[in-house]
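All remarks here apply to the structure that follows.
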Amino acid sequence: MLYSYKIQIDSPDFYPIEFINMRRTKKVVAGLHGKKRHLDLIIALLTIPVLLTVIISNLMNFQKNSKNSPTPTPAQTREIIIQTAPTGAQAVTQMAKDPVTPIVNCKKLVGPISISFPGEGQTVSDNPICIIIKYDDPNYCSAVWSYRINNNSWSEYSSSSVCLYNLPKGAVKFDLRAQSTVSQNQVNISRSFNYDGLSDSPVATSSAR
């Protein structure tokens, strides 16, 4: 005996296995999609402390580098003044108004000075007689001197040695007055000697040292 069955496909009780699996897959995917939003939010919240830590660390390193870095020193500048040298009469006038004062490193006093020849009380007969004046201490500034014979008038100042011609016979007193070239300091020395040569009247001349 044969039986026949009629199955209505459109009936809600009829679902193929493939169709059932597809619906399940969609539900799972839909559930995962909703959970993904919550997962993204959690990841974002966890990322915030990491970002804050990185920012704070960078700020601390920047401040540390700023303290350790040397402060730049401003470059020193030198002012250069260029002046045009005067010429002709203008230069002469300027030199007269603004004399140059030399830099003096020596002692502004008359240094040790002496008469080497003739000796005290010595009898000489040379004509002329050249007086040897010794002044050679480098620690003192240069000096000039003036002289006189037997209390007569003083000669002009000079730095040359002194030669005397035609001295009168007998006792001769030679006075020397030395003065510093950079101050008014003076030193006086004398030398007495006897002249026994041929002469009529004394004549004095100077020669270079």
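Residues in the structure tokens are numbered from 1 in each chain, the chains being A, B, ... in the order shown, and ligands are numbered from 1 in the order shown.
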
Show me, as a Markdown table, the residues of region 156-206 of chain A having an atom within 8 Å of region 129-136 of chain A, each with the closest atom pair and its distance in Å, using only C-alpha atoms.
| residue | atom | partner | partner_atom | distance |
| --- | --- | --- | --- | --- |
| A:Ser161 | CA | A:Ile132 | CA | 6.3 |
| A:Val162 | CA | A:Ile131 | CA | 5.3 |
| A:Cys163 | CA | A:Cys130 | CA | 3.9 |
| A:Leu164 | CA | A:Ile129 | CA | 5.0 |
| A:Tyr165 | CA | A:Ile129 | CA | 6.5 |

With only C-alpha atoms as the counted atoms, please give the residues lying no more than 12 Å from Lys107 (chain A), apart from itself and same-chain residues fewer than 2 positions off, as a list in words.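 Non-adjacent residues within range: Ile103, Val104, Asn105, Leu109, Val110, Gly111, Pro112, Asp137, Pro138, Asn139, Tyr140, Cys141, Ser142, Ala143, Ser180, Thr181, Val182, Ser183 and Asn185 of chain A.
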
At what distance in Å, to one decimal, does CA of Tyr195 (chain A) lie from CA of Asn150 (chain A)?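 CA of Tyr195 (chain A) lies 12.6 Å from CA of Asn150 (chain A).
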
At what distance in Å, to one decimal, does CA of Val144 (chain A) lie from CA of Gln186 (chain A)?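 CA of Val144 (chain A) lies at a distance of 9.7 Å from CA of Gln186 (chain A).
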
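If you measure from each of A:Leu39, A:Ile48, A:Val54, A:Ile113 to Asn188 (chain A) using only C-alpha atoms, the closest one turns out to be A:Ile113.
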
Between CA of Phe193 (chain A) and CA of Lys173 (chain A), what is the spacing in Å? 6.7 Å
